[in-house]
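Here is query-v3.tsv, consisting of TSV, C-alpha atoms and all ligand atoms:
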chain	number	residue	atom	x	y	z
A	555	MET	CA	70.10	124.80	97.50
A	556	ALA	CA	70.37	121.40	99.21
A	557	VAL	CA	71.71	121.60	102.75
A	558	CYS	CA	73.56	119.09	104.93
A	559	ASP	CA	71.19	116.94	106.99
A	560	LEU	CA	73.69	117.03	109.89
A	561	CYS	CA	74.70	120.70	110.14
A	562	GLY	CA	72.67	122.82	107.68
A	563	GLU	CA	75.74	123.88	105.62
A	564	ARG	CA	75.59	123.70	101.81
A	565	ALA	CA	75.46	120.02	100.74
A	566	VAL	CA	78.00	118.67	98.22
A	567	LEU	CA	76.30	115.32	97.65
A	568	ARG	CA	72.85	113.87	98.07
A	569	ASP	CA	72.92	110.09	98.20
A	570	PRO	CA	70.12	108.89	95.89
A	571	VAL	CA	69.80	105.55	97.71
A	572	ASN	CA	69.75	106.68	101.36
A	573	LYS	CA	68.40	110.15	100.46
A	574	VAL	CA	70.95	111.78	102.79
A	575	ALA	CA	72.54	115.14	101.90
A	576	LEU	CA	75.97	116.00	103.38
A	577	CYS	CA	78.31	119.01	103.39
A	578	GLY	CA	81.99	118.67	102.42
A	579	SER	CA	83.36	117.82	105.86
A	580	HIS	CA	80.53	115.44	106.88
A	581	PHE	CA	80.68	113.77	103.48
A	582	SER	CA	84.49	113.33	103.72
A	583	ALA	CA	84.18	111.81	107.20
A	584	TRP	CA	81.40	109.48	105.97
A	585	TYR	CA	83.50	108.39	102.95
A	586	GLU	CA	86.59	107.71	105.09
A	587	ASP	CA	84.46	105.69	107.56
A	588	CYS	CA	83.07	103.68	104.67
A	589	VAL	CA	86.62	102.75	103.49
A	590	ALA	CA	87.78	101.97	107.06
A	591	ASP	CA	84.71	99.79	107.61
A	592	THR	CA	85.33	97.90	104.34
A	593	ILE	CA	88.95	97.21	105.33
A	594	ARG	CA	87.83	95.91	108.75
A	595	ARG	CA	84.89	93.88	107.48
A	596	TYR	CA	86.90	92.00	104.85
A	597	ARG	CA	90.06	91.86	107.04
A	598	MET	CA	92.02	93.38	104.19
A	599	ILE	CA	95.08	94.65	106.04
A	600	PRO	CA	96.73	92.63	108.82
A	601	PRO	CA	98.87	94.46	111.42
A	602	LYS	CA	102.33	95.56	110.22
A	603	ALA	CA	101.43	94.94	106.56
A	604	ARG	CA	103.38	96.68	103.81
A	605	VAL	CA	100.73	97.80	101.37
A	606	ALA	CA	101.69	98.64	97.78
A	607	VAL	CA	99.03	100.96	96.35
A	608	GLY	CA	98.60	100.79	92.58
A	609	LEU	CA	98.73	104.50	91.80
A	610	SER	CA	97.82	105.24	88.19
A	611	GLY	CA	97.46	108.93	88.96
A	612	GLY	CA	93.76	108.80	87.98
A	613	LYS	CA	90.90	109.71	90.30
A	614	ASP	CA	90.23	106.36	92.02
A	615	SER	CA	93.82	105.52	92.93
A	616	THR	CA	94.51	109.13	93.94
A	617	VAL	CA	91.59	109.04	96.37
A	618	LEU	CA	92.58	105.55	97.59
A	619	LEU	CA	96.14	106.55	98.51
A	620	SER	CA	94.99	109.82	100.10
A	621	VAL	CA	92.31	108.13	102.22
A	622	LEU	CA	94.62	105.29	103.32
A	623	THR	CA	97.13	107.83	104.64
A	624	LYS	CA	94.38	109.35	106.80
A	625	LEU	CA	93.08	106.16	108.42
A	626	GLY	CA	95.90	105.64	110.93
A	627	LEU	CA	96.43	102.06	109.75
A	628	ASP	CA	99.00	99.82	111.43
A	629	ALA	CA	100.61	99.41	108.02
A	630	GLU	CA	103.31	100.93	105.84
A	631	LEU	CA	102.20	102.38	102.50
A	632	VAL	CA	104.22	102.48	99.29
A	633	ALA	CA	103.00	103.39	95.81
A	634	ILE	CA	103.57	101.81	92.40
A	635	THR	CA	102.76	103.40	89.05
A	636	VAL	CA	102.69	101.25	85.94
A	637	ASP	CA	103.70	103.12	82.79
A	638	GLU	CA	102.06	101.16	79.99
A	639	GLY	CA	103.66	103.31	77.32
A	640	ILE	CA	100.61	105.11	75.89
A	641	ALA	CA	101.57	108.33	74.12
A	642	ASN	CA	99.70	111.56	74.94
A	643	TYR	CA	98.01	109.93	77.93
A	644	ARG	CA	100.42	108.47	80.42
A	645	GLU	CA	102.75	111.47	80.76
A	646	ASP	CA	100.16	113.58	82.60
A	647	THR	CA	98.89	110.80	84.88
A	648	ILE	CA	102.46	109.83	85.84
A	649	ALA	CA	103.21	113.46	86.70
A	650	ALA	CA	100.07	113.50	88.89
A	651	ALA	CA	101.16	110.25	90.63
A	652	VAL	CA	104.68	111.56	91.28
A	653	SER	CA	103.35	114.83	92.65
A	654	LEU	CA	100.84	113.10	94.98
A	655	SER	CA	103.31	110.61	96.42
A	656	GLN	CA	105.86	113.40	97.01
A	657	ARG	CA	103.21	115.51	98.75
A	658	LEU	CA	102.22	112.58	100.98
A	659	GLY	CA	105.83	111.48	101.58
A	660	ILE	CA	105.17	107.98	100.22
A	661	GLU	CA	107.91	105.82	98.68
A	662	HIS	CA	107.04	105.56	94.98
A	663	ARG	CA	108.24	103.31	92.17
A	664	ILE	CA	107.45	103.54	88.46
A	665	ILE	CA	107.62	100.33	86.44
A	666	SER	CA	107.05	100.33	82.69
A	667	PHE	CA	105.94	97.74	80.16
A	668	SER	CA	109.33	98.33	78.52
A	669	ASP	CA	110.94	97.17	81.81
A	670	ILE	CA	109.04	93.90	81.86
A	671	CYS	CA	108.74	93.06	78.17
A	672	GLY	CA	110.99	95.43	76.26
A	673	LYS	CA	108.24	97.40	74.45
A	674	PRO	CA	105.61	100.02	75.26
A	675	LEU	CA	101.91	99.16	74.79
A	676	ASP	CA	101.66	101.42	71.73
A	677	GLU	CA	104.28	99.27	70.00
A	678	ILE	CA	102.70	95.98	71.11
A	679	LEU	CA	99.39	97.19	69.61
A	680	ALA	CA	100.93	98.48	66.38
A	681	VAL	CA	99.20	95.75	64.32
A	682	SER	CA	95.78	95.83	66.02
A	683	SER	CA	94.31	97.79	68.93
A	684	LYS	CA	91.19	95.63	69.34
A	685	GLN	CA	92.59	93.57	72.23
A	686	ALA	CA	94.15	96.65	73.85
A	687	CYS	CA	92.52	96.37	77.26
A	688	SER	CA	92.94	92.64	77.75
A	689	ILE	CA	96.63	92.83	76.74
A	690	CYS	CA	97.12	95.94	78.87
A	691	GLY	CA	95.34	94.38	81.87
A	692	THR	CA	97.43	91.19	81.74
A	693	LEU	CA	100.74	93.05	81.48
A	694	ARG	CA	99.69	95.61	84.11
A	695	ARG	CA	98.90	92.87	86.64
A	696	ARG	CA	102.32	91.37	85.96
A	697	ALA	CA	104.09	94.74	86.29
A	698	LEU	CA	102.30	95.57	89.53
A	699	HIS	CA	103.08	92.18	91.03
A	700	THR	CA	106.75	92.36	89.96
A	701	ALA	CA	107.23	95.83	91.48
A	702	ALA	CA	105.30	94.87	94.64
A	703	ARG	CA	107.58	91.87	95.14
A	704	GLU	CA	110.65	94.02	94.63
A	705	MET	CA	109.32	96.44	97.25
A	706	ASP	CA	108.63	93.58	99.74
A	707	ALA	CA	104.93	94.38	99.83
A	708	THR	CA	102.58	91.99	101.61
A	709	ARG	CA	99.37	93.41	100.09
A	710	ILE	CA	98.56	95.12	96.77
A	711	ALA	CA	95.75	97.68	97.02
A	712	THR	CA	93.93	98.86	93.91
A	713	GLY	CA	91.40	101.66	93.47
A	714	HIS	CA	88.53	99.52	92.14
A	715	CYS	CA	85.26	101.01	93.34
A	716	MET	CA	81.73	99.58	93.45
A	717	ASP	CA	81.09	100.54	89.81
A	718	ASP	CA	84.11	98.45	88.69
A	719	GLU	CA	82.91	95.50	90.77
A	720	ALA	CA	79.37	95.67	89.36
A	721	GLN	CA	80.77	95.97	85.81
A	722	SER	CA	82.96	92.89	86.37
A	723	VAL	CA	80.01	90.81	87.57
A	724	LEU	CA	77.96	91.80	84.50
A	725	MET	CA	80.89	91.21	82.13
A	726	ASN	CA	81.33	87.68	83.49
A	727	TYR	CA	77.68	87.00	82.65
A	728	LEU	CA	77.95	88.67	79.23
A	729	ARG	CA	80.92	86.45	78.39
A	730	GLY	CA	79.17	83.37	79.80
A	731	ASP	CA	82.15	82.89	82.13
A	732	ILE	CA	80.31	80.77	84.68
A	733	THR	CA	83.56	79.64	86.34
A	734	ARG	CA	84.18	83.24	87.35
A	735	VAL	CA	80.53	83.95	88.16
A	736	ALA	CA	80.42	81.01	90.57
A	737	GLU	CA	84.14	81.06	91.54
A	738	ASN	CA	83.68	77.32	91.51
A	739	TYR	CA	87.29	76.26	91.59
A	740	ARG	CA	89.98	75.90	94.20
A	741	THR	CA	93.52	77.04	93.70
A	742	ASN	CA	96.80	77.48	95.53
A	743	ALA	CA	97.15	80.98	94.01
A	744	ALA	CA	97.02	82.63	97.46
A	745	GLU	CA	100.37	80.98	98.34
A	746	LEU	CA	102.03	82.37	95.20
A	747	PHE	CA	100.54	85.83	94.66
A	748	ILE	CA	100.68	88.83	96.95
A	749	PRO	CA	97.03	89.19	98.06
A	750	ARG	CA	95.16	92.02	96.31
A	751	ILE	CA	92.70	94.19	98.17
A	752	LYS	CA	90.12	96.75	97.00
A	753	PRO	CA	89.37	99.12	99.89
A	754	LEU	CA	87.03	101.30	97.75
A	755	CYS	CA	84.85	98.37	96.65
A	756	ARG	CA	81.89	99.63	98.74
A	757	CYS	CA	82.14	103.24	97.48
A	758	THR	CA	80.54	104.35	94.23
A	759	GLU	CA	82.59	106.16	91.60
A	760	ARG	CA	80.31	109.16	92.04
A	761	ALA	CA	81.17	109.35	95.75
A	762	THR	CA	84.87	108.74	95.02
A	763	VAL	CA	85.01	111.59	92.51
A	764	ALA	CA	83.07	113.83	94.92
A	765	TYR	CA	85.60	113.04	97.67
A	766	GLY	CA	88.45	113.88	95.28
A	767	LYS	CA	86.85	117.18	94.33
A	768	VAL	CA	85.88	118.22	97.85
A	769	ASN	CA	89.43	117.56	99.05
A	770	ARG	CA	91.01	119.19	95.96
A	771	LEU	CA	92.88	116.04	95.00
A	772	LEU	CA	91.98	115.83	91.33
A	773	VAL	CA	93.50	117.49	88.30
A	774	PRO	CA	92.02	117.29	84.77
A	775	LEU	CA	93.58	114.34	82.93
A	776	PRO	CA	93.23	112.95	79.40
A	777	GLU	CA	91.39	109.69	78.70
A	778	CYS	CA	93.21	106.61	77.44
A	779	PRO	CA	92.88	106.49	73.62
A	780	TYR	CA	92.15	102.73	73.76
A	781	THR	CA	89.11	103.04	76.05
A	782	LYS	CA	86.79	102.93	73.03
A	783	TYR	CA	87.76	99.30	72.35
A	784	ALA	CA	86.81	98.08	75.82
A	785	LEU	CA	83.66	96.04	76.51
A	786	ARG	CA	83.90	97.55	79.98
A	787	ALA	CA	83.36	101.05	78.56
A	788	LYS	CA	80.02	99.98	77.06
A	789	VAL	CA	78.96	98.16	80.21
A	790	ARG	CA	79.91	101.25	82.25
A	791	THR	CA	77.70	103.48	80.10
A	792	GLU	CA	74.67	101.17	80.25
A	793	LEU	CA	75.08	100.56	83.96
A	794	GLY	CA	75.37	104.32	84.54
A	795	VAL	CA	72.00	104.82	82.82
A	796	LEU	CA	70.40	102.07	84.93
A	797	GLU	CA	71.88	103.46	88.15
A	798	TYR	CA	70.53	106.92	87.32
A	799	LYS	CA	67.03	105.58	86.66
A	800	TYR	CA	67.06	102.98	89.44
A	801	PRO	CA	69.42	104.10	92.23
A	802	GLY	CA	70.99	101.17	94.06
A	803	THR	CA	71.30	98.96	90.95
A	804	MET	CA	75.09	98.61	91.31
A	805	TYR	CA	74.87	97.88	95.02
A	806	ASN	CA	72.28	95.19	94.28
A	807	ILE	CA	74.50	93.58	91.63
A	808	VAL	CA	77.54	93.48	93.92
A	809	THR	CA	75.74	92.29	97.05
A	810	GLY	CA	73.62	89.87	94.98
A	811	GLN	CA	76.85	88.29	93.72
A	812	GLU	CA	78.14	87.99	97.29
A	813	ARG	CA	74.90	86.32	98.39
A	814	LEU	CA	75.09	83.94	95.44
A	815	LEU	CA	78.63	82.87	96.41
A	816	ALA	CA	77.59	82.48	100.05
A	817	LYS	CA	74.71	80.21	98.97
A	818	LEU	CA	77.03	78.14	96.78
A	819	GLY	CA	79.32	77.62	99.78
A	820	PRO	CA	83.03	76.75	99.62
A	821	ALA	CA	84.38	76.04	96.13
A	822	ILE	CA	83.96	72.39	95.23
A	823	GLY	CA	84.89	72.38	91.54
A	824	GLU	CA	88.11	71.64	89.72
A	825	VAL	CA	91.35	72.19	91.65
A	826	VAL	CA	93.61	74.54	89.70
A	827	VAL	CA	97.18	73.96	90.87
A	828	MET	CA	99.47	76.80	89.95
A	829	GLY	CA	103.21	76.53	89.46
A	830	VAL	CA	105.89	78.86	88.22
A	831	CYS	CA	106.28	80.32	84.72
A	832	GLU	CA	109.23	78.85	82.80
A	833	ARG	CA	110.18	82.26	81.43
A	834	CYS	CA	109.73	84.76	84.26
A	835	SER	CA	109.27	82.67	87.45
A	836	GLN	CA	105.99	84.39	88.22
A	837	PRO	CA	103.02	82.20	89.30
A	838	ALA	CA	101.46	80.39	86.34
A	839	ARG	CA	98.66	77.93	85.63
A	840	ASN	CA	100.42	76.46	82.60
A	841	ARG	CA	103.99	76.27	81.29
A	842	LEU	CA	103.94	80.06	80.84
A	843	CYS	CA	102.08	82.73	82.84
A	844	ALA	CA	99.37	84.79	81.10
A	845	ALA	CA	101.77	87.69	80.38
A	846	CYS	CA	104.51	85.48	78.87
A	847	THR	CA	101.92	83.53	76.82
A	848	LEU	CA	100.79	86.83	75.37
A	849	LEU	CA	104.33	88.00	74.68
A	850	GLU	CA	105.29	84.69	73.08
A	851	ARG	CA	102.31	85.09	70.71
A	852	GLN	CA	103.52	88.59	69.84
A	853	GLU	CA	107.01	87.29	69.01
A	854	ARG	CA	105.73	84.76	66.45
A	901	LIG	FE1	94.94	99.94	79.47
A	901	LIG	FE2	92.49	99.78	78.34
A	901	LIG	FE3	92.84	101.12	80.64
A	901	LIG	FE4	93.83	102.09	78.37
A	901	LIG	S1	91.64	101.78	78.84
A	901	LIG	S2	94.90	102.00	80.34
A	901	LIG	S3	94.44	100.21	77.30
A	901	LIG	S4	93.11	98.90	80.31

Would it be possible to restate this file's structure as structure tokens?
Amino acid sequence: MAVCDLCGERAVLRDPVNKVALCGSHFSAWYEDCVADTIRRYRMIPPKARVAVGLSGGKDSTVLLSVLTKLGLDAELVAITVDEGIANYREDTIAAAVSLSQRLGIEHRIISFSDICGKPLDEILAVSSKQACSICGTLRRRALHTAAREMDATRIATGHCMDDEAQSVLMNYLRGDITRVAENYRTNAAELFIPRIKPLCRCTERATVAYGKVNRLLVPLPECPYTKYALRAKVRTELGVLEYKYPGTMYNIVTGQERLLAKLGPAIGEVVVMGVCERCSQPARNRLCAACTLLERQER
């Protein structure tokens, strides 16, 4: 039995990169410090901020909201759950989100795809499910931003962890999306969007799940039926194999990307000036924002 390197109690996690084993309470303290340090280092939350936490009810966002409530931040927390309208999946995760926010005493709002575009995702995908995740992602960003505005939030926090960040870097390469890889454009988007922050971006999914289990935060939940269509699901599987064989791979991808951007220096490419969508008044690059462009295509 592995024991904690700090107190000799039974260890719950042995970090394969640092080779440190920790018991439940030392591991929880280490995880919370890691999140607090990330928030400080990237100056994610200014004093008196009102932070809207995207709370899907899944493991990452559940851990995020729970940890943020423990950090003694000079900020007010509220939670937003987006109901995409996915049968036999969303009901349970929404129930988990409602229960958590009630337990923590956090103001909670549920916004659905039907609220913002009149139909649930299942109906939007009735013809083809192949684009499920890109359609879902676009509409979810819109729903989250709409609800955050209505709740006067000054930051939107999402539960993306290091695995998600590493997957995104690889997916940009796989798609040949060099603009995103190099972030070589300037934009006025920061003036129009509520800034988004990812306080778990330095924590692996493995550590996040371990924190959730140790602190009894997680309940068994179903998987989204559209996951199988996502490129991300395949990248996640392959990256998981690499991480297992070569611990530290994901950290290297994420920090390598940061070093690349630092070497490239401030963005010097095309200036992308954003305006306001003709249909919904949300920030938009073109006549319509990404969500309304998608919906207009659906209506044809
Ligand atoms: Fe949406 Fe795809 Fe996630 Fe399902 S797996 S909730 S369709 S992004």

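Between atom CA of A:Ala761 and atom CA of A:Lys799 there is a distance of 17.2 Å.
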
Just the number, please: distance in Å from atom CA of A:Tyr798 to atom CA of A:Val571, one decimal. 10.5 Å

Contacts of chain A with ligand LIG 901 (chain A) up to 8 Å, shortest pair per row, only C-alpha atoms and all ligand atoms, as JSON lines:
{"residue": "A:Glu638", "atom": "CA", "partner": "A:LIG901", "partner_atom": "S2", "distance": 7.2}
{"residue": "A:Ile640", "atom": "CA", "partner": "A:LIG901", "partner_atom": "FE4", "distance": 7.8}
{"residue": "A:Leu675", "atom": "CA", "partner": "A:LIG901", "partner_atom": "S3", "distance": 8.0}
{"residue": "A:Ala686", "atom": "CA", "partner": "A:LIG901", "partner_atom": "S3", "distance": 5.0}
{"residue": "A:Cys687", "atom": "CA", "partner": "A:LIG901", "partner_atom": "FE2", "distance": 3.6}
{"residue": "A:Ser688", "atom": "CA", "partner": "A:LIG901", "partner_atom": "S4", "distance": 6.8}
{"residue": "A:Ile689", "atom": "CA", "partner": "A:LIG901", "partner_atom": "S3", "distance": 7.7}
{"residue": "A:Cys690", "atom": "CA", "partner": "A:LIG901", "partner_atom": "FE1", "distance": 4.6}
{"residue": "A:Gly691", "atom": "CA", "partner": "A:LIG901", "partner_atom": "S4", "distance": 5.3}
{"residue": "A:Arg694", "atom": "CA", "partner": "A:LIG901", "partner_atom": "FE1", "distance": 7.9}
{"residue": "A:Glu777", "atom": "CA", "partner": "A:LIG901", "partner_atom": "S1", "distance": 7.9}
{"residue": "A:Cys778", "atom": "CA", "partner": "A:LIG901", "partner_atom": "FE4", "distance": 4.7}
{"residue": "A:Pro779", "atom": "CA", "partner": "A:LIG901", "partner_atom": "FE4", "distance": 6.5}
{"residue": "A:Tyr780", "atom": "CA", "partner": "A:LIG901", "partner_atom": "S3", "distance": 4.9}
{"residue": "A:Thr781", "atom": "CA", "partner": "A:LIG901", "partner_atom": "S1", "distance": 4.0}
{"residue": "A:Lys782", "atom": "CA", "partner": "A:LIG901", "partner_atom": "S1", "distance": 7.7}
{"residue": "A:Tyr783", "atom": "CA", "partner": "A:LIG901", "partner_atom": "FE2", "distance": 7.6}
{"residue": "A:Ala784", "atom": "CA", "partner": "A:LIG901", "partner_atom": "FE2", "distance": 6.4}

Taking a cut-off of 12 Å and counting only C-alpha atoms, can you build a table that, for each residue of stretch 624-728 of chain A near stretch 589-597 of chain A, reports the nearest atom pair and how far apart they are in Å (one decimal), sorted by chain then residue number, as CSV?
residue,atom,partner,partner_atom,distance
A:Lys624,CA,A:Ala590,CA,9.9
A:Leu625,CA,A:Ala590,CA,6.9
A:Gly626,CA,A:Ala590,CA,9.7
A:Leu627,CA,A:Ala590,CA,9.1
A:Arg709,CA,A:Arg597,CA,11.7
A:Ala711,CA,A:Ile593,CA,10.7
A:Gly713,CA,A:Val589,CA,11.2
A:His714,CA,A:Val589,CA,12.0
A:Cys715,CA,A:Val589,CA,10.4
A:Met716,CA,A:Thr592,CA,11.6

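The two atoms in question, atom CA of A:Thr809 and atom CA of A:Ala583, are spaced 23.6 Å apart.
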
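Residue nearest A:Gln836 within the list A:Ala575, A:Ala697, A:Leu796, A:Ile599: A:Ala697 [criterion: smallest interatomic distance, all atoms listed in the file].
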
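Checking A:Thr635, A:Arg696, A:Gln721, A:Pro837 one by one against A:Lys788, counting all atoms listed in the file, you find the shortest gap at A:Gln721.
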
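Of the listed residues A:Ser610, A:Gln852, A:Thr692, A:Ser666, the one whose atoms come nearest to A:Ser653 is A:Ser610, with distances taken using all atoms listed in the file.
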
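Nearest to A:Glu719 of all the residues A:Ile678, A:Val808, A:Ala816, A:Ala701 is A:Val808, counting all atoms listed in the file.
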